[in-house]
Each structure stands twice: as C-alpha cells, then as structure tokens.
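Contents: one structure, followed by commentary.
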Amino acid sequence: MRIKQMSAFDFFWNTCYSIANGDNPLAPFFKGEIFKRESFMLDIKFIADNLESAKSKLKDRLKGLDSLDKAAAFYQEKREIQKTADALRSQKKNFAKEIGMLKTKGADASSFMKDAEKLNTELEKIEERERILSLELEGILLTLPNIPLEDVPAGANESFNKEIKKWGESESFTFQVLPHYEIAEKLGILDFERGVKIAQSGFTLYHGTGAKLERALINFMLDTHGENGYQEKFVPFLVRGESLQGTGQLPKFKEDLYKIEGENLYLNPTAEVPLTNIYQNEILNEKDLPLYFTAYAPSFRKEAGSYGKDTRGIIRQHQFNKVELVEFSKPEDSEKEHQSMLAEAEKILQLLKLPYRIVILSTGDMGFSAAKCYDIEVWIPSMKTYKEISSVSNCMDFQARRANIKFRRESTGKVEYLHTLNGSGLAVGRTMVAILENYQREDGSVVIPDVLRKYMGNCTCL
RNA sequence: GGAGAGAUGCCCGAGUGGUCGAAGGGGGCACCCUGCUAAGGUGUUAUACUCCUAAAGAGUAUCGAGGGUUCGAAUCCCUCUCUCUCCGCCA
C-alpha cells in the first residue's frame, strides 16, 4: 500500500530552511545533509521523561551526553512555544473568518484587520523560535545512536563483547597454511594489481573460477534464504540521501559513503539500505507482518579511518558483495525474530562447513542503529583468529522512526512503528576468503564445498 | 540532452483568494433492511504535534516541498523536487 508522498520523500531540509548560511545559529547541525522527516529518531518523549536512564544507557555510545540534556531542554521549550503559537494561530484564523464574513456582507472590517496585523507580528517571532527549536532538536536526535536492549553487555569497546557460541572444528593442517591472497594468486583467480589499475586499491579483479566462485556463493546464499522463506529482491544500487538517513548512515557517517557528484545519490554501503527503505513512509497491514526479504547487492564503503587494517587480500575492500537479510516485524516479535535471523545466517556457514563463533556485541561496539547485535565470525586459519562475516542486528523501532515505517494494529486500529532487523547472510568476499583458507590443500589447490559444486559445474576443486 | 504536461485524502476526481481538512464517486469499516445472495439505506473513514492521569475531547499543522503576497492561500507569485508523454541517444 502506497501512502501519500510526504514531505520527507523529497527534499533537503537545509534548502527548505534557507536561513542565511553565514550567521545561521544552527550551523553546528548543518554540516551534513539533513532530510526533513515528520517523526523523530529516538523517541524524544522517552528521552525527556527518562533523561537519566537514557543517559546511562547511551554512555558507552556517545561522546557528549550533554546533547541529551540539550535535546530534553529544547523539547520542553518547544512544547511551551507550541502552546502559545497554537493559541495565536487559532486567534488568527478566527480573525480571518470574521473579516471574511464581514466583507462578504459588505461591512467594514478594518479594525479587525488591524488587530490581525498586530497579532501577526507577534506570531512571526514565536514561529521563528519554534522553527529553530525544531531544527536544533532534530539535529541532535538524528545523531543519537539507538538505545541498547537490557541484555546487551555494557562496555565501551569490543573487549566487552561476549562469545556465546562456537560451531565446527577448525582443521588441523599438517602443512604451512597460506593466507587467502597467496592461494588466490597462485591459482590466478584474484588480481590485485589490475584491480588497482582499473579503479584503486581496495578494488579487486576476479578471474575465471574465482569470478565463478563469487557468483556461486551469491546464488547459493540467495537460494538458501529463498527456500527458508525470505523473499528475494533485486534492488537499486544507488540510494538517495533520505534512504540513508532512514537507516542511520546519514547524517553522521557521511565520510564513509561514495556520493554521486552533483546528485542526491550515493552508492549503497549495504543492501540493508535499499531493502529497509522499501517501505519508507508507508503504513503496512498487521496481517502482512512479518516480512522477510533477501537481496544481493555490492556494497561500497570508503572505509575512512581504517587505513592500515586488513590491507592485504580481500578482507576489507571498497567494493564487496553481500547477500543481505532484512525483516519487518511487529514490536513484540522482534527479539524472537532476531534469534531466527541469526540462525538463518549461521545456516550458510553450517552448509559450507566453515567453523565460526558468535559474539554478542557490547554497547560500545554496536552499530549506530542497532539495539542489539550479534556478529558471526568465521575461522581464518592463516590469521589464527575469527573474523567478522555477518552482523545481525535488531534495530527495534529506530530505523522505523527515521524512515517512517508503520503498521496498523488490527485490535486497536492504531498505527505503530514496526521493528526492523537486518543481517548479512553473508558477506560474500569474506566467505570466499574462508573457503580458500579452510579448504586449502598442501598442493595449493582448494576443495570446493559440496553445496557449491552444483553452482560450479560440478567442479570439486580449484 | 530537447519539448511539453502534471502532482489534491486509501483510490479516482472537483475545487482559481474567504468559515475547505477539502464536493462527488469508488473502496474499506459499522449498523439497518432482506429468508440467503445480490441490490438498497444510514453512518463512518488521514497523519503529526500539543493540551488532558487515561478515555473522551480540544487546539494547531498538513492539498509534492520551501519561500513570498494577503487580515485570509489548495487556489496568486518565485524557487526546488518528483512523476508522466513525445523526440534524440543508449544496454
């Protein structure tokens, strides 16, 4: 069901509010694009009513907690202002009606018109303040990360993450294991030099069976999720700013995004963005929930700030393939659904027989939009460590608020924000790394996992 | 890229300065009528914010968006965005 195209659908907040740039009191909040949206991100009512608890919940996720105080203060003032402004507007309407009636009768309305003018000058001042308060408030709220769920381990960084599960045995190799990039170069399937020549470092050219393996993995993942009830989608790879704001990448993480010059379009950093924004500004029927979607999309990230990390090989690339899982669920089901989405992502690794573990991320290590997040980490023999291959998040109503996605509950007839979940199922490039390394043999060949063979023309090894 | 048309509520569609949150129709919902069905009748039918303990209710805003003119704008002016059609180009 398509609802009316809302303001939010179309425009730059900052062009709408053409306050002169120079002396704009809101300058601090206008560094990035902010798109107008009727609703707020975190529930400002909740923050205002539970200021101290909100602060303690966000303390590992936010540098300056005073932004919460500010937001609460702006909100209080905004409410006061709105009361006065509404009263004045009401009066203004009455004047106009009165004048209209008098004029149609041909009577004199000049004294009313004077009163109305006087009222207007007063109202203008108040409305200016009202507008500033809304902007300031929205500016802050857009930069606040989601509030973690109770059972998320508290802590400022990844050292507080907790391993909750281990699956599979890593093979005990009787020879010197090679890192994936050496295996791949020997096999002639990954070409780093030419990737750089064509594009830049962080982009890799795949040859022959390597290219085919990548495609096999994508098809295998999509088919598996499809069989398990996830509807397959094929999505636009360019997304508009509003969509990125909806899922939480904007306005805060602009520097990690590739933007099309002169356009309000970005290369999508994850298929979560197009998938979740399918229902941007819509109200769904309760009976349609939950909805399970899966899509393949290349993901583009500048990886600003991660220079020097994982520089060799294809662990960290500016362009990588990913099969994504996204779900829209009723609020009361999202925690349960989170578990099953995690299981869905695990299934891929189990079918590929790749050893992995699951960690629950601490409050400080979670992504911006997540209220709770599990990372699945696959065993990388050459690094003798587990490496993230999937991140499965419950965003609760955080993205739904930002993207304005609701459903109508049948029992009450009321609209509510729904919950969104997303997970990688899985990162394809890293899956390739895991296969190359875990399935490598002493002679430099690589065994193809059983489940992939039918996608590879029944080849058994690379 | 060139030319043109358009954007109104769940859908269609009227409305060119005055009591319009918006006629009319369709659809949905509720009730009535009918032996059942069909037909018919009556009513209802958005979202957000604020006030209110809650319910009920009230106020305000919203006719693509922003700005302007005016006592008063869906209606007039400016800017922007989006959609559609034709031509050109192109997988």
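Identifiers for the structure tokens are assigned positionally: chains receive A, B, ... in sequence, residues are indexed from 1 per chain, and ligands are indexed from 1 in the order shown.
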>> Give me, as a list of chain:residue names, the residues of range 35-232 of chain A that a backbone DSSP run labels strand (DSSP E or B).
In response: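 Of range 35-232 of chain A, the ones in strand (DSSP E or B) are A:Phe35, A:Lys162, A:Glu163, A:Ile164, A:Lys165, A:Lys166, A:Trp167, A:Leu190, A:Asp191, A:Leu205, A:Tyr206, A:Gln231, A:Glu232.
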Residues as selected, N, CA, C and O atoms, written as a short mmCIF file (atom, residue, chain, number, x, y, z; two decimals), in the first residue's frame, can you do that?
data_model
loop_
_atom_site.label_atom_id
_atom_site.label_comp_id
_atom_site.auth_asym_id
_atom_site.auth_seq_id
_atom_site.Cartn_x
_atom_site.Cartn_y
_atom_site.Cartn_z
N PHE A 35 17.53 15.54 6.15
CA PHE A 35 16.31 15.48 5.37
C PHE A 35 15.12 15.58 6.29
O PHE A 35 15.08 14.97 7.35
N LYS A 162 30.89 -10.53 24.08
CA LYS A 162 30.88 -11.85 24.71
C LYS A 162 30.67 -12.94 23.68
O LYS A 162 29.72 -12.88 22.90
N GLU A 163 31.55 -13.92 23.70
CA GLU A 163 31.33 -15.07 22.83
C GLU A 163 30.20 -15.89 23.40
O GLU A 163 30.19 -16.21 24.58
N ILE A 164 29.23 -16.24 22.55
CA ILE A 164 28.12 -17.02 23.09
C ILE A 164 27.99 -18.39 22.45
O ILE A 164 27.21 -19.22 22.90
N LYS A 165 28.73 -18.62 21.37
CA LYS A 165 28.59 -19.91 20.71
C LYS A 165 29.80 -20.17 19.83
O LYS A 165 30.37 -19.22 19.27
N LYS A 166 30.15 -21.45 19.72
CA LYS A 166 31.20 -21.85 18.79
C LYS A 166 30.67 -23.02 17.99
O LYS A 166 30.02 -23.90 18.56
N TRP A 167 30.94 -23.03 16.72
CA TRP A 167 30.43 -24.13 15.88
C TRP A 167 31.55 -24.62 14.98
O TRP A 167 32.26 -23.82 14.36
N LEU A 190 42.57 -14.17 -8.25
CA LEU A 190 42.40 -12.80 -7.79
C LEU A 190 43.56 -11.97 -8.30
O LEU A 190 44.71 -12.40 -8.26
N ASP A 191 43.25 -10.79 -8.81
CA ASP A 191 44.25 -9.94 -9.44
C ASP A 191 44.19 -8.56 -8.78
O ASP A 191 43.36 -7.73 -9.12
N LEU A 205 40.12 -7.45 -9.10
CA LEU A 205 39.62 -8.13 -10.29
C LEU A 205 39.64 -9.63 -10.03
O LEU A 205 40.63 -10.16 -9.53
N TYR A 206 38.55 -10.30 -10.32
CA TYR A 206 38.47 -11.75 -10.16
C TYR A 206 38.57 -12.39 -11.53
O TYR A 206 37.92 -11.95 -12.48
N GLN A 231 11.88 -13.57 0.87
CA GLN A 231 11.53 -13.15 -0.49
C GLN A 231 12.73 -12.48 -1.15
O GLN A 231 13.27 -11.51 -0.61
N GLU A 232 13.07 -12.95 -2.32
CA GLU A 232 14.23 -12.36 -3.00
C GLU A 232 13.87 -11.04 -3.65
O GLU A 232 12.83 -10.89 -4.27
#
> Could you name the residues that touch Ile218 in chain A at 10 Å or less, counting only C-alpha atoms (C1' of nucleotides), but leaving out those on the same chain fewer than 3 positions away, as a list in words?
Replying inline: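 Residues near the query, excluding close chain neighbours: Lys212, Leu213, Glu214, Arg215, Met221, Leu222, Asp223, Thr224, Ala295, Tyr296, Ala297, Asn321, Lys322, Val323, Gly425, Leu426, Ala427, Val428, Gly429 and Tyr455 of chain A.
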>> as JSON, numbers by chain, please: every residue in range 183-409 of chain A that a backbone DSSP assignment puts in helix (DSSP H, G or I).
In response: {"A": [183, 184, 185, 186, 187, 192, 193, 194, 195, 196, 197, 198, 208, 209, 210, 211, 212, 213, 214, 215, 216, 217, 218, 219, 220, 221, 222, 223, 224, 225, 226, 227, 241, 242, 243, 244, 245, 246, 247, 254, 255, 256, 272, 273, 274, 275, 276, 277, 278, 279, 286, 287, 288, 331, 332, 333, 334, 335, 336, 337, 338, 339, 340, 341, 342, 343, 344, 345, 346, 347, 348, 349, 350, 351, 352, 381, 382, 383, 398, 399, 400, 401, 402, 403]}
Hey, what's within 9 Å of Arg441 in chain A if we count only C-alpha atoms (C1' of nucleotides) and toss same-chain stuff fewer than 6 positions away? As a PDB file with all heavy atoms, in the first residue's frame, please?
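Written file, around.pdb:
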ATOM      1  N   PHE A 173      45.817 -28.469  10.185  1.00  0.00           N
ATOM      2  CA  PHE A 173      46.597 -28.606   8.950  1.00  0.00           C
ATOM      3  C   PHE A 173      47.960 -29.218   9.252  1.00  0.00           C
ATOM      4  O   PHE A 173      48.595 -28.865  10.240  1.00  0.00           O
ATOM      5  CB  PHE A 173      46.766 -27.238   8.285  1.00  0.00           C
ATOM      6  CG  PHE A 173      45.483 -26.685   7.735  1.00  0.00           C
ATOM      7  CD1 PHE A 173      44.705 -25.815   8.500  1.00  0.00           C
ATOM      8  CD2 PHE A 173      45.042 -27.032   6.465  1.00  0.00           C
ATOM      9  CE1 PHE A 173      43.520 -25.303   7.995  1.00  0.00           C
ATOM     10  CE2 PHE A 173      43.857 -26.517   5.956  1.00  0.00           C
ATOM     11  CZ  PHE A 173      43.096 -25.655   6.728  1.00  0.00           C
ATOM     12  N   PHE A 175      50.370 -28.956   7.130  1.00  0.00           N
ATOM     13  CA  PHE A 175      51.341 -28.193   6.338  1.00  0.00           C
ATOM     14  C   PHE A 175      51.179 -26.721   6.690  1.00  0.00           C
ATOM     15  O   PHE A 175      50.270 -26.338   7.435  1.00  0.00           O
ATOM     16  CB  PHE A 175      51.103 -28.409   4.840  1.00  0.00           C
ATOM     17  CG  PHE A 175      49.690 -28.092   4.404  1.00  0.00           C
ATOM     18  CD1 PHE A 175      49.360 -26.823   3.932  1.00  0.00           C
ATOM     19  CD2 PHE A 175      48.687 -29.055   4.470  1.00  0.00           C
ATOM     20  CE1 PHE A 175      48.069 -26.532   3.543  1.00  0.00           C
ATOM     21  CE2 PHE A 175      47.392 -28.758   4.082  1.00  0.00           C
ATOM     22  CZ  PHE A 175      47.074 -27.502   3.614  1.00  0.00           C
ATOM     23  N   VAL A 177      49.874 -23.333   6.423  1.00  0.00           N
ATOM     24  CA  VAL A 177      48.728 -22.736   5.740  1.00  0.00           C
ATOM     25  C   VAL A 177      49.110 -21.400   5.129  1.00  0.00           C
ATOM     26  O   VAL A 177      49.937 -20.662   5.662  1.00  0.00           O
ATOM     27  CB  VAL A 177      47.504 -22.542   6.679  1.00  0.00           C
ATOM     28  CG1 VAL A 177      46.998 -23.876   7.195  1.00  0.00           C
ATOM     29  CG2 VAL A 177      47.857 -21.605   7.815  1.00  0.00           C
ATOM     30  N   VAL A 447      39.606 -27.283  -2.218  1.00  0.00           N
ATOM     31  CA  VAL A 447      38.428 -28.125  -2.412  1.00  0.00           C
ATOM     32  C   VAL A 447      37.175 -27.239  -2.411  1.00  0.00           C
ATOM     33  O   VAL A 447      37.071 -26.305  -1.614  1.00  0.00           O
ATOM     34  CB  VAL A 447      38.326 -29.171  -1.275  1.00  0.00           C
ATOM     35  CG1 VAL A 447      37.049 -30.002  -1.408  1.00  0.00           C
ATOM     36  CG2 VAL A 447      39.558 -30.057  -1.279  1.00  0.00           C
TER      37      VAL A 447
END
> Could you name the residues that touch G24 in chain B at 12 Å or less, counting only C-alpha atoms (C1' of nucleotides), but leaving out those on the same chain fewer than 6 positions away, as an MDAnalysis selection string?
Replying inline: chainID B and resid 12:15
Can you write out the residues you just picked, keeping all heavy atoms, as a compact mmCIF listing (two decimals), in the first residue's frame?
# COMPACT_ATOMS: atom_id res chain seq x y z
P C B 12 -5.19 7.71 -7.79
OP1 C B 12 -4.22 7.50 -8.87
OP2 C B 12 -4.96 8.73 -6.75
O5' C B 12 -6.63 7.97 -8.43
C5' C B 12 -7.03 7.27 -9.60
C4' C B 12 -8.45 7.63 -9.95
O4' C B 12 -9.31 7.41 -8.79
C3' C B 12 -8.71 9.09 -10.29
O3' C B 12 -8.35 9.38 -11.63
C2' C B 12 -10.23 9.18 -10.09
O2' C B 12 -10.92 8.60 -11.17
C1' C B 12 -10.42 8.31 -8.84
N1 C B 12 -10.47 9.10 -7.60
C2 C B 12 -11.64 9.82 -7.31
O2 C B 12 -12.58 9.76 -8.10
N3 C B 12 -11.71 10.55 -6.16
C4 C B 12 -10.66 10.59 -5.34
N4 C B 12 -10.77 11.32 -4.23
C5 C B 12 -9.44 9.88 -5.62
C6 C B 12 -9.39 9.16 -6.75
P G B 13 -7.94 10.88 -12.02
OP1 G B 13 -7.94 10.96 -13.50
OP2 G B 13 -6.73 11.23 -11.27
O5' G B 13 -9.14 11.78 -11.48
C5' G B 13 -10.34 11.97 -12.21
C4' G B 13 -11.33 12.78 -11.39
O4' G B 13 -11.40 12.24 -10.04
C3' G B 13 -10.96 14.25 -11.17
O3' G B 13 -11.42 15.03 -12.26
C2' G B 13 -11.69 14.59 -9.88
O2' G B 13 -13.05 14.82 -10.09
C1' G B 13 -11.54 13.28 -9.09
N9 G B 13 -10.36 13.28 -8.22
C8 G B 13 -9.12 12.72 -8.48
N7 G B 13 -8.27 12.86 -7.50
C5 G B 13 -8.98 13.57 -6.53
C6 G B 13 -8.58 14.03 -5.25
O6 G B 13 -7.48 13.89 -4.70
N1 G B 13 -9.61 14.70 -4.60
C2 G B 13 -10.85 14.90 -5.12
N2 G B 13 -11.70 15.58 -4.35
N3 G B 13 -11.25 14.49 -6.31
C4 G B 13 -10.26 13.83 -6.96
P A B 14 -10.90 16.50 -12.49
OP1 A B 14 -11.35 16.91 -13.84
OP2 A B 14 -9.47 16.52 -12.16
O5' A B 14 -11.69 17.36 -11.42
C5' A B 14 -12.99 17.79 -11.74
C4' A B 14 -13.69 18.41 -10.55
O4' A B 14 -13.43 17.68 -9.33
C3' A B 14 -13.26 19.81 -10.17
O3' A B 14 -13.74 20.77 -11.08
C2' A B 14 -13.95 19.94 -8.81
O2' A B 14 -15.32 20.23 -8.94
C1' A B 14 -13.79 18.51 -8.25
N9 A B 14 -12.78 18.45 -7.19
C8 A B 14 -11.53 17.90 -7.22
N7 A B 14 -10.87 18.00 -6.09
C5 A B 14 -11.76 18.67 -5.26
C6 A B 14 -11.67 19.09 -3.91
N6 A B 14 -10.61 18.89 -3.15
N1 A B 14 -12.74 19.74 -3.39
C2 A B 14 -13.81 19.95 -4.16
N3 A B 14 -14.01 19.60 -5.44
C4 A B 14 -12.94 18.96 -5.93
P G B 15 -12.85 21.97 -11.54
OP1 G B 15 -13.64 22.83 -12.44
OP2 G B 15 -11.55 21.42 -11.97
O5' G B 15 -12.64 22.75 -10.17
C5' G B 15 -13.73 23.48 -9.62
C4' G B 15 -13.46 23.76 -8.16
O4' G B 15 -13.04 22.56 -7.49
C3' G B 15 -12.30 24.73 -7.89
O3' G B 15 -12.73 26.06 -8.01
C2' G B 15 -11.95 24.39 -6.44
O2' G B 15 -12.81 25.04 -5.54
C1' G B 15 -12.20 22.88 -6.41
N9 G B 15 -10.92 22.18 -6.54
C8 G B 15 -10.32 21.77 -7.70
N7 G B 15 -9.17 21.19 -7.48
C5 G B 15 -9.01 21.24 -6.11
C6 G B 15 -7.94 20.79 -5.29
O6 G B 15 -6.91 20.23 -5.64
N1 G B 15 -8.18 21.04 -3.94
C2 G B 15 -9.31 21.66 -3.45
N2 G B 15 -9.35 21.81 -2.13
N3 G B 15 -10.30 22.08 -4.21
C4 G B 15 -10.08 21.85 -5.51
Report as a tab-separated table the residues of chain B within 8 Å of chain A, each with its shortest atom pair and distance in Å (one decimal), using only C-alpha atoms (C1' of nucleotides), ordered by chain and increasing residue number.
residue	atom	partner	partner_atom	distance
B:C10	C1'	A:Ile3	CA	7.8
B:G18	C1'	A:Gly100	CA	4.8
B:U19	C1'	A:Lys97	CA	5.6
B:A48	C1'	A:Glu38	CA	6.8
B:U50	C1'	A:Lys83	CA	6.3
B:C51	C1'	A:Lys83	CA	7.8
B:G59	C1'	A:Asp86	CA	6.6
B:U60	C1'	A:Asp86	CA	5.0
B:G64	C1'	A:Gln5	CA	7.0
B:A65	C1'	A:Ser7	CA	5.9
B:G66	C1'	A:Cys16	CA	4.5
B:C71	C1'	A:Met113	CA	4.6
B:G72	C1'	A:Ala96	CA	4.9
B:U81	C1'	A:Asp10	CA	5.9
B:C82	C1'	A:Asp10	CA	7.2
>> Need to verify the contact set: Pro269 in chain A, 12 Å, only C-alpha atoms (C1' of nucleotides), exclusion of same-chain residues closer than 6 positions in sequence. Can you return it as a ChimeraX atom specification?
In response: /A:236-240,243-244,247-250,253-259,275,297-303,317-322,324
Skipping near chain neighbours, those fewer than 2 positions away, what residues fall within 6 Å of Met396 in chain A using only C-alpha atoms (C1' of nucleotides), listed as a short mmCIF file (atom, residue, chain, number, x, y, z; two decimals) with C-alpha atoms, in the first residue's frame?
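Everything below was put into result_17.cif:
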data_model
loop_
_atom_site.label_atom_id
_atom_site.label_comp_id
_atom_site.auth_asym_id
_atom_site.auth_seq_id
_atom_site.Cartn_x
_atom_site.Cartn_y
_atom_site.Cartn_z
CA ASN A 394 17.71 -5.80 15.85
CA PHE A 398 14.91 3.12 15.50
CA HIS A 419 10.61 -3.13 14.12
CA THR A 420 13.34 -3.69 11.57
#
